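S.K.: Pasting input.cif below, which is mmCIF, C-alpha atoms.
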data_input
loop_
_atom_site.group_PDB
_atom_site.id
_atom_site.type_symbol
_atom_site.label_atom_id
_atom_site.label_comp_id
_atom_site.auth_asym_id
_atom_site.auth_seq_id
_atom_site.Cartn_x
_atom_site.Cartn_y
_atom_site.Cartn_z
ATOM 1 C CA MET A 1 -65.095 92.483 2.769
ATOM 2 C CA SER A 2 -67.293 91.257 -0.034
ATOM 3 C CA GLY A 3 -68.033 87.802 -1.375
ATOM 4 C CA GLU A 4 -64.927 86.170 0.071
ATOM 5 C CA ARG A 5 -64.613 82.423 -0.405
ATOM 6 C CA GLY A 6 -61.958 81.864 2.224
ATOM 7 C CA PRO A 7 -58.625 80.025 1.830
ATOM 8 C CA GLN A 8 -58.432 78.101 -1.430
ATOM 9 C CA GLU A 9 -57.299 74.978 0.356
ATOM 10 C CA ARG A 10 -60.826 74.751 1.781
ATOM 11 C CA ARG A 11 -62.282 74.119 -1.660
ATOM 12 C CA ALA A 12 -61.878 70.926 -3.648
ATOM 13 C CA PRO A 13 -62.776 70.675 -7.350
ATOM 14 C CA VAL A 14 -65.531 68.222 -8.177
ATOM 15 C CA THR A 15 -63.993 66.056 -10.878
ATOM 16 C CA GLY A 16 -64.139 62.371 -11.586
ATOM 17 C CA GLY A 17 -66.235 60.130 -9.352
ATOM 18 C CA ARG A 18 -68.437 61.084 -6.457
ATOM 19 C CA SER A 19 -66.408 59.392 -3.711
ATOM 20 C CA LEU A 20 -64.846 61.640 -1.088
ATOM 21 C CA VAL A 21 -61.429 60.295 -2.065
ATOM 22 C CA ALA A 22 -61.962 61.152 -5.736
ATOM 23 C CA LEU A 23 -63.197 64.619 -4.783
ATOM 24 C CA GLY A 24 -60.332 65.265 -2.378
ATOM 25 C CA LEU A 25 -62.777 65.607 0.525
ATOM 26 C CA ASP A 26 -61.752 62.642 2.684
ATOM 27 C CA CYS A 27 -59.500 64.664 5.024
ATOM 28 C CA VAL A 28 -60.272 64.202 8.751
ATOM 29 C CA PRO A 29 -58.873 67.103 10.813
ATOM 30 C CA ARG A 30 -59.454 65.134 14.003
ATOM 31 C CA GLU A 31 -56.718 62.790 12.782
ATOM 32 C CA GLU A 32 -54.627 65.431 10.966
ATOM 33 C CA PRO A 33 -55.014 68.589 13.069
ATOM 34 C CA LEU A 34 -52.738 70.790 10.973
ATOM 35 C CA ARG A 35 -55.140 70.318 8.053
ATOM 36 C CA TYR A 36 -57.972 71.931 10.016
ATOM 37 C CA PRO A 37 -60.608 72.994 8.911
ATOM 38 C CA GLY A 38 -60.226 70.330 6.226
ATOM 39 C CA ALA A 39 -61.360 70.384 2.602
ATOM 40 C CA TRP A 40 -64.726 71.965 1.843
ATOM 41 C CA PRO A 41 -66.802 71.035 -1.228
ATOM 42 C CA ALA A 42 -66.954 73.273 -4.272
ATOM 43 C CA GLU A 43 -70.726 72.871 -4.482
ATOM 44 C CA SER A 44 -73.776 71.781 -2.526
ATOM 45 C CA GLY A 45 -74.243 68.051 -2.128
ATOM 46 C CA LEU A 46 -75.684 65.156 -0.165
ATOM 47 C CA LEU A 47 -73.116 63.463 2.069
ATOM 48 C CA ASP A 48 -74.044 59.799 1.809
ATOM 49 C CA GLY A 49 -71.433 57.607 3.432
ATOM 50 C CA ASP A 50 -68.244 57.896 1.404
ATOM 51 C CA ARG A 51 -69.890 59.860 -1.407
ATOM 52 C CA LEU A 52 -71.032 63.408 -2.053
ATOM 53 C CA LEU A 53 -74.052 63.190 -4.335
ATOM 54 C CA PRO A 54 -76.115 65.871 -6.108
ATOM 55 C CA LEU A 55 -78.983 67.427 -4.160
ATOM 56 C CA ASP A 56 -82.544 67.454 -5.450
ATOM 57 C CA ARG A 57 -83.502 70.448 -3.232
ATOM 58 C CA LEU A 58 -81.778 73.020 -1.052
ATOM 59 C CA VAL A 59 -84.297 73.497 1.793
ATOM 60 C CA HIS A 60 -85.155 70.575 4.095
ATOM 61 C CA GLU A 61 -87.969 71.624 6.420
ATOM 62 C CA ASP A 62 -87.924 68.303 8.270
ATOM 63 C CA ARG A 63 -84.338 68.992 9.358
ATOM 64 C CA VAL A 64 -82.410 71.581 11.379
ATOM 65 C CA PRO A 65 -80.218 74.131 9.533
ATOM 66 C CA VAL A 66 -76.825 74.610 11.171
ATOM 67 C CA LEU A 67 -74.200 76.988 9.814
ATOM 68 C CA ALA A 68 -70.748 75.399 9.538
ATOM 69 C CA VAL A 69 -67.782 77.736 10.019
ATOM 70 C CA GLY A 70 -65.032 75.152 10.573
ATOM 71 C CA SER A 71 -64.544 71.430 10.117
ATOM 72 C CA ASN A 72 -68.280 70.686 10.187
ATOM 73 C CA ALA A 73 -68.191 71.826 6.548
ATOM 74 C CA CYS A 74 -65.585 69.146 5.807
ATOM 75 C CA PRO A 75 -67.335 65.974 4.562
ATOM 76 C CA GLY A 76 -64.547 63.738 5.840
ATOM 77 C CA GLN A 77 -64.898 65.160 9.352
ATOM 78 C CA LEU A 78 -68.691 64.881 9.299
ATOM 79 C CA ARG A 79 -68.501 61.287 8.123
ATOM 80 C CA TYR A 80 -66.017 60.528 10.909
ATOM 81 C CA LYS A 81 -68.241 62.033 13.604
ATOM 82 C CA MET A 82 -71.316 60.157 12.408
ATOM 83 C CA ALA A 83 -69.458 56.852 12.021
ATOM 84 C CA GLU A 84 -68.354 57.047 15.666
ATOM 85 C CA SER A 85 -72.042 56.923 16.634
ATOM 86 C CA GLY A 86 -73.040 54.367 14.003
ATOM 87 C CA ILE A 87 -75.139 56.871 12.044
ATOM 88 C CA THR A 88 -75.331 56.335 8.297
ATOM 89 C CA ALA A 89 -78.221 58.619 7.255
ATOM 90 C CA PRO A 90 -77.278 61.168 4.554
ATOM 91 C CA ILE A 91 -76.605 64.831 5.371
ATOM 92 C CA PRO A 92 -77.522 67.671 2.977
ATOM 93 C CA MET A 93 -74.745 70.280 2.728
ATOM 94 C CA VAL A 94 -75.884 73.491 1.047
ATOM 95 C CA ARG A 95 -73.594 76.315 0.036
ATOM 96 C CA ALA A 96 -74.859 79.732 1.108
ATOM 97 C CA ARG A 97 -73.930 83.369 0.912
ATOM 98 C CA VAL A 98 -73.861 84.567 4.511
ATOM 99 C CA THR A 99 -73.961 88.211 5.583
ATOM 100 C CA GLY A 100 -73.412 89.307 9.175
ATOM 101 C CA VAL A 101 -71.120 86.549 10.461
ATOM 102 C CA ASP A 102 -67.406 85.980 9.997
ATOM 103 C CA VAL A 103 -65.094 83.109 10.957
ATOM 104 C CA GLY A 104 -62.954 83.766 14.009
ATOM 105 C CA VAL A 105 -60.730 81.775 16.363
ATOM 106 C CA SER A 106 -62.061 79.925 19.391
ATOM 107 C CA ALA A 107 -60.541 80.893 22.731
ATOM 108 C CA HIS A 108 -59.761 77.298 23.656
ATOM 109 C CA VAL A 109 -57.599 74.398 22.485
ATOM 110 C CA SER A 110 -59.581 71.464 21.089
ATOM 111 C CA ARG A 111 -59.051 67.861 22.086
ATOM 112 C CA PRO A 112 -57.713 66.843 18.621
ATOM 113 C CA GLY A 113 -54.899 69.366 19.084
ATOM 114 C CA TYR A 114 -56.016 72.296 16.975
ATOM 115 C CA VAL A 115 -57.425 75.737 17.747
ATOM 116 C CA SER A 116 -60.795 75.669 16.060
ATOM 117 C CA ALA A 117 -62.941 78.226 14.265
ATOM 118 C CA SER A 118 -65.782 80.085 15.939
ATOM 119 C CA PRO A 119 -68.226 82.627 14.507
ATOM 120 C CA PHE A 120 -68.358 86.277 15.444
ATOM 121 C CA GLN A 121 -70.752 89.054 14.578
ATOM 122 C CA ALA A 122 -69.570 91.143 11.633
ATOM 123 C CA PRO A 123 -72.429 93.116 10.025
ATOM 124 C CA ASP A 124 -70.483 93.954 6.851
ATOM 125 C CA ALA A 125 -68.910 90.532 6.313
ATOM 126 C CA VAL A 126 -70.048 88.415 3.368
ATOM 127 C CA ARG A 127 -68.820 84.823 3.255
ATOM 128 C CA GLU A 128 -69.581 81.673 1.319
ATOM 129 C CA LEU A 129 -70.229 79.031 3.969
ATOM 130 C CA PHE A 130 -72.245 75.821 4.259
ATOM 131 C CA VAL A 131 -75.587 75.151 5.884
ATOM 132 C CA THR A 132 -75.717 71.553 7.080
ATOM 133 C CA TRP A 133 -79.205 70.104 7.541
ATOM 134 C CA PHE A 134 -79.346 67.572 10.399
ATOM 135 C CA ASP A 135 -82.084 65.259 11.582
ATOM 136 C CA ALA A 136 -82.600 64.962 15.359
ATOM 137 C CA GLU A 137 -80.175 62.053 15.768
ATOM 138 C CA GLN A 138 -77.450 63.734 13.726
ATOM 139 C CA LEU A 139 -77.943 67.012 15.558
ATOM 140 C CA ALA A 140 -77.443 65.250 18.891
ATOM 141 C CA VAL A 141 -74.108 63.872 17.629
ATOM 142 C CA ILE A 142 -72.886 67.277 16.478
ATOM 143 C CA ASP A 143 -74.088 68.934 19.688
ATOM 144 C CA ALA A 144 -72.147 66.352 21.698
ATOM 145 C CA SER A 145 -69.019 66.842 19.572
ATOM 146 C CA GLU A 146 -69.151 70.573 20.361
ATOM 147 C CA GLY A 147 -69.717 70.059 24.093
ATOM 148 C CA VAL A 148 -73.247 71.508 24.086
ATOM 149 C CA PRO A 149 -74.745 69.055 26.629
ATOM 150 C CA LEU A 150 -71.897 69.614 29.113
ATOM 151 C CA PRO A 151 -72.201 72.300 31.806
ATOM 152 C CA HIS A 152 -68.745 73.632 30.899
ATOM 153 C CA GLY A 153 -68.578 72.537 27.266
ATOM 154 C CA ASN A 154 -66.760 74.755 24.813
ATOM 155 C CA TYR A 155 -69.756 75.668 22.643
ATOM 156 C CA ARG A 156 -73.403 76.575 22.954
ATOM 157 C CA ARG A 157 -75.805 76.281 20.035
ATOM 158 C CA ALA A 158 -77.544 79.554 19.179
ATOM 159 C CA TRP A 159 -80.354 80.467 16.798
ATOM 160 C CA LEU A 160 -79.413 83.484 14.658
ATOM 161 C CA PRO A 161 -82.557 85.030 13.189
ATOM 162 C CA ALA A 162 -82.890 87.170 10.111
ATOM 163 C CA PRO A 163 -82.227 90.052 9.738
ATOM 164 C CA GLU A 164 -79.356 89.720 12.240
ATOM 165 C CA VAL A 165 -77.841 87.317 9.744
ATOM 166 C CA ARG A 166 -78.748 86.883 6.089
ATOM 167 C CA ILE A 167 -78.548 83.367 4.672
ATOM 168 C CA GLU A 168 -79.071 83.218 0.918
ATOM 169 C CA LEU A 169 -78.941 79.834 -0.795
ATOM 170 C CA GLU A 170 -77.720 79.226 -4.342
ATOM 171 C CA ASP A 171 -81.217 79.502 -5.829
ATOM 172 C CA GLY A 172 -81.879 82.823 -4.085
ATOM 173 C CA THR A 173 -83.902 81.360 -1.179
ATOM 174 C CA ARG A 174 -83.379 83.244 2.074
ATOM 175 C CA LEU A 175 -83.661 81.351 5.326
ATOM 176 C CA PRO A 176 -85.472 82.889 8.320
ATOM 177 C CA GLY A 177 -82.463 82.083 10.446
ATOM 178 C CA VAL A 178 -79.859 79.443 11.141
ATOM 179 C CA HIS A 179 -78.202 77.753 14.090
ATOM 180 C CA VAL A 180 -74.524 78.160 14.856
ATOM 181 C CA TYR A 181 -72.125 77.040 17.596
ATOM 182 C CA VAL A 182 -70.918 79.976 19.719
ATOM 183 C CA ASN A 183 -67.817 79.553 21.865
ATOM 184 C CA ARG A 184 -68.665 80.131 25.507
ATOM 185 C CA ARG A 185 -65.120 81.401 26.208
ATOM 186 C CA GLY A 186 -65.212 84.017 23.448
ATOM 187 C CA VAL A 187 -62.874 84.386 20.474
ATOM 188 C CA LEU A 188 -59.303 85.561 20.038
ATOM 189 C CA ARG A 189 -58.767 89.198 19.106
ATOM 190 C CA ASN A 190 -56.454 90.754 16.548
ATOM 191 C CA GLY A 191 -54.629 93.276 18.746
ATOM 192 C CA THR A 192 -57.681 95.441 19.291
ATOM 193 C CA ASP A 193 -61.111 94.426 20.572
ATOM 194 C CA THR A 194 -61.941 93.208 17.056
ATOM 195 C CA PRO A 195 -61.955 89.411 16.660
ATOM 196 C CA ARG A 196 -59.214 87.964 14.497
ATOM 197 C CA ARG A 197 -60.158 85.845 11.508
ATOM 198 C CA HIS A 198 -59.085 82.211 11.348
ATOM 199 C CA PRO A 199 -56.324 81.982 8.711
ATOM 200 C CA GLY A 200 -55.918 78.188 8.688
ATOM 201 C CA GLN A 201 -54.307 76.040 11.349
ATOM 202 C CA ARG A 202 -50.603 76.107 10.525
ATOM 203 C CA ARG A 203 -50.490 79.861 10.062
ATOM 204 C CA LEU A 204 -52.590 80.462 13.175
ATOM 205 C CA LEU A 205 -50.419 78.319 15.435
ATOM 206 C CA THR A 206 -47.258 79.869 14.018
ATOM 207 C CA GLU A 207 -48.560 83.362 14.781
ATOM 208 C CA LEU A 208 -49.724 82.421 18.279
ATOM 209 C CA LEU A 209 -46.427 80.788 19.201
ATOM 210 C CA VAL A 210 -44.323 83.638 17.825
ATOM 211 C CA GLY A 211 -46.390 86.120 19.799
ATOM 212 C CA SER A 212 -46.416 84.392 23.198
ATOM 213 C CA ALA A 213 -43.510 83.043 25.217
ATOM 214 C CA ARG A 214 -46.028 81.501 27.587
ATOM 215 C CA LEU A 215 -47.642 79.469 24.795
ATOM 216 C CA ARG A 216 -44.193 78.371 23.594
ATOM 217 C CA GLY A 217 -43.422 77.177 27.103
ATOM 218 C CA LEU A 218 -46.606 75.101 27.120
ATOM 219 C CA PHE A 219 -46.744 73.800 23.562
ATOM 220 C CA GLY A 220 -43.280 74.099 22.012
ATOM 221 C CA VAL A 221 -42.074 76.277 19.167
ATOM 222 C CA THR A 222 -43.620 74.678 16.069
ATOM 223 C CA PRO A 223 -47.198 73.929 14.981
ATOM 224 C CA GLU A 224 -46.317 70.220 14.961
ATOM 225 C CA GLU A 225 -45.194 70.360 18.593
ATOM 226 C CA PHE A 226 -48.283 72.329 19.539
ATOM 227 C CA CYS A 227 -50.664 69.749 18.069
ATOM 228 C CA ALA A 228 -48.774 66.754 19.472
ATOM 229 C CA ARG A 229 -48.634 68.159 23.000
ATOM 230 C CA ALA A 230 -52.221 69.389 22.973
ATOM 231 C CA ARG A 231 -53.607 66.039 21.773
ATOM 232 C CA ALA A 232 -51.812 64.184 24.542
ATOM 233 C CA ASP A 233 -52.710 66.304 27.570
ATOM 234 C CA ALA A 234 -56.121 67.613 28.666
ATOM 235 C CA TRP A 235 -54.510 69.631 31.473
ATOM 236 C CA LEU A 236 -52.264 71.355 28.933
ATOM 237 C CA ARG A 237 -55.240 72.213 26.732
ATOM 238 C CA GLU A 238 -56.948 73.859 29.674
ATOM 239 C CA ARG A 239 -53.763 75.740 30.509
ATOM 240 C CA GLY A 240 -53.698 76.984 26.921
ATOM 241 C CA ALA A 241 -57.225 78.350 27.181
ATOM 242 C CA ARG A 242 -56.333 80.010 30.470
ATOM 243 C CA ALA A 243 -53.239 81.537 28.858
ATOM 244 C CA PHE A 244 -55.375 83.054 26.097
ATOM 245 C CA ALA A 245 -57.534 84.764 28.721
ATOM 246 C CA GLU A 246 -54.759 85.815 31.095
ATOM 247 C CA GLU A 247 -52.694 87.307 28.264
ATOM 248 C CA LYS A 248 -55.775 89.321 27.254
ATOM 249 C CA LEU A 249 -56.008 87.731 23.836
ATOM 250 C CA VAL A 250 -59.765 87.137 24.148
ATOM 251 C CA THR A 251 -62.794 89.221 23.243
ATOM 252 C CA ALA A 252 -66.536 88.618 22.923
ATOM 253 C CA SER A 253 -67.929 87.221 19.675
ATOM 254 C CA GLY A 254 -70.984 89.488 19.766
ATOM 255 C CA LEU A 255 -73.220 86.427 19.390
ATOM 256 C CA GLU A 256 -73.497 85.579 23.065
ATOM 257 C CA ARG A 257 -76.906 87.243 23.374
ATOM 258 C CA PHE A 258 -78.407 84.656 21.022
ATOM 259 C CA VAL A 259 -77.369 81.649 23.102
ATOM 260 C CA GLY A 260 -80.398 79.963 24.632
ATOM 261 C CA ASP A 261 -82.831 81.869 22.427
ATOM 262 C CA GLN A 262 -84.242 78.692 20.886
ATOM 263 C CA GLN A 263 -87.773 77.526 20.262
ATOM 264 C CA THR A 264 -89.045 74.200 21.456
ATOM 265 C CA GLY A 265 -90.665 71.544 19.329
ATOM 266 C CA SER A 266 -89.665 68.955 16.787
ATOM 267 C CA PRO A 267 -87.116 69.510 14.012
ATOM 268 C CA GLY A 268 -88.672 71.131 10.992
ATOM 269 C CA THR A 269 -91.489 73.241 12.399
ATOM 270 C CA GLY A 270 -92.590 74.726 9.126
ATOM 271 C CA SER A 271 -91.282 78.179 8.309
ATOM 272 C CA SER A 272 -89.442 78.610 11.628
ATOM 273 C CA LEU A 273 -87.033 75.753 10.911
ATOM 274 C CA SER A 274 -86.130 75.845 14.589
ATOM 275 C CA PRO A 275 -85.020 72.649 16.380
ATOM 276 C CA PRO A 276 -85.811 71.461 19.879
ATOM 277 C CA LEU A 277 -83.741 72.326 22.888
ATOM 278 C CA MET A 278 -81.127 69.611 23.278
#
Rewrite the structure from the file as structure tokens, please.
M.R.:
Amino acid sequence: MSGERGPQERRAPVTGGRSLVALGLDCVPREEPLRYPGAWPAESGLLDGDRLLPLDRLVHEDRVPVLAVGSNACPGQLRYKMAESGITAPIPMVRARVTGVDVGVSAHVSRPGYVSASPFQAPDAVRELFVTWFDAEQLAVIDASEGVPLPHGNYRRAWLPAPEVRIELEDGTRLPGVHVYVNRRGVLRNGTDTPRRHPGQRRLLTELLVGSARLRGLFGVTPEEFCARARADAWLRERGARAFAEEKLVTASGLERFVGDQQTGSPGTGSSLSPPLM
């Protein structure tokens, strides 16, 4: 696979004004789960409230670089998460060419009712993804939204160093590494031990329901039923994750060995760009 942009519905053309509405980037997958992962920008920008503004630089050494593989690359979703915590500080979102990581399917059912994306190791994969640069307060919000502080949360934040992953920004700058959220339950596989790629929410749920009578018994027969039932019932979400494992649909992401391999210190420690343990 070479230079793949991902599903076209993830990209919105930058025309007209700079508001998220004008850019078609105001989607919030937490409120519309079948639109997960939401609309991604067509270019790098500074998320400032309800606007996506031009960036004056791509590297922000006073912030923490986090690779977004799902809805954290959707400005509407990011704005929603920050607004819940009363945070209004801007967030740089930088498009990058990423080698060594691909976008798979988390082996759990998320609280908003969708089955989210999760990274997996893929040495030959080349994707255009976004690096989001968070300050300490913003990083704490995103960590919490991914369950990092919880003993049994769905994700752990991992530092992926170069050359295990290659992160090349639009101006040719290569980062020494990047953080990413790794699912502690693993990722779904594609019929072999190879992780399956996330095809978008509606298609994913359709495929999962067609392939599993057990999942149909839990969540119904349509993507709409799946999302509605999952949103309403934490017990059912846990049963869904258990069904993934018991039906042997789960494999390792290959990134587990990087979890916990983080430096200590303050965000933006010069060339390391490594954040504190949270």
S.K.: With all atoms listed in the file as the basis for distance, which of A:Leu25, A:Ala158, A:Leu67, A:Ala232 is at the shortest distance from Tyr114 of chain A?
M.R.: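 Smallest separation from Tyr114 of chain A among the options: A:Ala232.
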S.K.: Point out the residue among A:Gly45, A:Pro119, A:Gly147, A:Pro29 with the least atom-to-atom distance to Tyr80 of chain A, counting all atoms listed in the file.
M.R.: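 The answer is A:Pro29, which sits nearest to Tyr80 of chain A.
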S.K.: Which one of A:Gly38, A:Pro112, A:Gly254, A:Pro92 sits closest to Val187 of chain A if you count all atoms listed in the file?
M.R.: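 Answer, going by the shortest atom-to-atom distance: A:Gly254.
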S.K.: Just say which residues the PyMOL selection byres ((chain A and resi 213-222) around 12) picks in this file, as JSON, numbers by chain.
M.R.: {"A": [34, 109, 113, 114, 201, 202, 203, 204, 205, 206, 207, 208, 209, 210, 211, 212, 223, 224, 225, 226, 227, 228, 229, 230, 231, 232, 233, 235, 236, 237, 238, 239, 240, 241, 242, 243, 244, 245, 246, 247, 249]}
S.K.: Using the selection just defined, write its residues with C-alpha atoms as a JSON list (two decimals), keeping the file's coordinate frame.
M.R.:
[["chain", "number", "residue", "atom", "x", "y", "z"],
["A", 34, "LEU", "CA", -52.74, 70.79, 10.97],
["A", 109, "VAL", "CA", -57.60, 74.40, 22.48],
["A", 113, "GLY", "CA", -54.90, 69.37, 19.08],
["A", 114, "TYR", "CA", -56.02, 72.30, 16.98],
["A", 201, "GLN", "CA", -54.31, 76.04, 11.35],
["A", 202, "ARG", "CA", -50.60, 76.11, 10.52],
["A", 203, "ARG", "CA", -50.49, 79.86, 10.06],
["A", 204, "LEU", "CA", -52.59, 80.46, 13.18],
["A", 205, "LEU", "CA", -50.42, 78.32, 15.44],
["A", 206, "THR", "CA", -47.26, 79.87, 14.02],
["A", 207, "GLU", "CA", -48.56, 83.36, 14.78],
["A", 208, "LEU", "CA", -49.72, 82.42, 18.28],
["A", 209, "LEU", "CA", -46.43, 80.79, 19.20],
["A", 210, "VAL", "CA", -44.32, 83.64, 17.82],
["A", 211, "GLY", "CA", -46.39, 86.12, 19.80],
["A", 212, "SER", "CA", -46.42, 84.39, 23.20],
["A", 223, "PRO", "CA", -47.20, 73.93, 14.98],
["A", 224, "GLU", "CA", -46.32, 70.22, 14.96],
["A", 225, "GLU", "CA", -45.19, 70.36, 18.59],
["A", 226, "PHE", "CA", -48.28, 72.33, 19.54],
["A", 227, "CYS", "CA", -50.66, 69.75, 18.07],
["A", 228, "ALA", "CA", -48.77, 66.75, 19.47],
["A", 229, "ARG", "CA", -48.63, 68.16, 23.00],
["A", 230, "ALA", "CA", -52.22, 69.39, 22.97],
["A", 231, "ARG", "CA", -53.61, 66.04, 21.77],
["A", 232, "ALA", "CA", -51.81, 64.18, 24.54],
["A", 233, "ASP", "CA", -52.71, 66.30, 27.57],
["A", 235, "TRP", "CA", -54.51, 69.63, 31.47],
["A", 236, "LEU", "CA", -52.26, 71.36, 28.93],
["A", 237, "ARG", "CA", -55.24, 72.21, 26.73],
["A", 238, "GLU", "CA", -56.95, 73.86, 29.67],
["A", 239, "ARG", "CA", -53.76, 75.74, 30.51],
["A", 240, "GLY", "CA", -53.70, 76.98, 26.92],
["A", 241, "ALA", "CA", -57.22, 78.35, 27.18],
["A", 242, "ARG", "CA", -56.33, 80.01, 30.47],
["A", 243, "ALA", "CA", -53.24, 81.54, 28.86],
["A", 244, "PHE", "CA", -55.38, 83.05, 26.10],
["A", 245, "ALA", "CA", -57.53, 84.76, 28.72],
["A", 246, "GLU", "CA", -54.76, 85.82, 31.10],
["A", 247, "GLU", "CA", -52.69, 87.31, 28.26],
["A", 249, "LEU", "CA", -56.01, 87.73, 23.84]]
S.K.: To one decimal place, how far is atom CA of Trp159 of chain A from atom CA of Arg257 of chain A in Å?
M.R.: 10.1 Å
S.K.: Find the distance between atom CA of Asp62 of chain A and atom CA of Val101 of chain A and write it in Å to one decimal.
M.R.: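 According to the coordinates, atom CA of Asp62 of chain A and atom CA of Val101 of chain A are separated by 24.9 Å.
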S.K.: As a list in words, please: the residues near segment 46-50 of chain A (cut-off 9 Å, only C-alpha atoms, same-chain neighbours under 3 positions excluded).
M.R.: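 Using only C-alpha atoms, the neighbours found are Arg18, Ser19, Leu20, Val21, Asp26, Leu53, Pro54, Leu55, Asp56, Pro75, Gly76, Leu78, Arg79, Ala83, Thr88, Ala89, Pro90, Ile91, Pro92, Met93 and Val94 of chain A.
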S.K.: Using C-alpha atoms, can you write the selected residues to a file as a short mmCIF file (atom, residue, chain, number, x, y, z; two decimals), in the coordinates of the input?
M.R.:
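In the end it all went to result-v7.cif:
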data_model
loop_
_atom_site.label_atom_id
_atom_site.label_comp_id
_atom_site.auth_asym_id
_atom_site.auth_seq_id
_atom_site.Cartn_x
_atom_site.Cartn_y
_atom_site.Cartn_z
CA ARG A 18 -68.44 61.08 -6.46
CA SER A 19 -66.41 59.39 -3.71
CA LEU A 20 -64.85 61.64 -1.09
CA VAL A 21 -61.43 60.30 -2.06
CA ASP A 26 -61.75 62.64 2.68
CA LEU A 53 -74.05 63.19 -4.34
CA PRO A 54 -76.11 65.87 -6.11
CA LEU A 55 -78.98 67.43 -4.16
CA ASP A 56 -82.54 67.45 -5.45
CA PRO A 75 -67.33 65.97 4.56
CA GLY A 76 -64.55 63.74 5.84
CA LEU A 78 -68.69 64.88 9.30
CA ARG A 79 -68.50 61.29 8.12
CA ALA A 83 -69.46 56.85 12.02
CA THR A 88 -75.33 56.34 8.30
CA ALA A 89 -78.22 58.62 7.26
CA PRO A 90 -77.28 61.17 4.55
CA ILE A 91 -76.60 64.83 5.37
CA PRO A 92 -77.52 67.67 2.98
CA MET A 93 -74.74 70.28 2.73
CA VAL A 94 -75.88 73.49 1.05
#
S.K.: So how many Å separate atom CA of Arg95 of chain A and atom CA of Leu129 of chain A, to one decimal?
M.R.: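 Value for the atom CA of Arg95 of chain A-atom CA of Leu129 of chain A distance: 5.8 Å.
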S.K.: On this structure, which residues satisfy the PyMOL selection byres ((chain A and resi 140) around 12), written as a list in words?
M.R.: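 Expected selection for the PyMOL selection byres ((chain A and resi 140) around 12) here is Val64, Lys81, Met82, Ser85, Ile87, Phe134, Asp135, Ala136, Glu137, Gln138, Leu139, Val141, Ile142, Asp143, Ala144, Ser145, Glu146, Gly147, Val148, Pro149, Arg157, Pro267, Pro275, Pro276, Leu277 and Met278 of chain A.
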S.K.: Rank A:Arg97, A:Arg57, A:Pro65, A:Val103 by their smallest atom-to-atom distance to His179 of chain A, using only C-alpha atoms, and report the top residue only.
M.R.: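 Checking each of A:Arg97, A:Arg57, A:Pro65, A:Val103 against His179 of chain A, counting only C-alpha atoms, the winner is A:Pro65.
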S.K.: Closest to Pro163 of chain A among A:Gly191, A:Lys248, A:Val131, A:Thr99, using only C-alpha atoms?
M.R.: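 Comparing A:Gly191, A:Lys248, A:Val131, A:Thr99 against Pro163 of chain A, the winner is A:Thr99.
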S.K.: Assuming the chain letters and numbering stay as they are in my file, what does the PyMOL selection byres ((chain A and resi 152-155) around 6) actually select? List them as a PyMOL selection string.
M.R.: chain A and resi 146-148+150-151+156+181-184
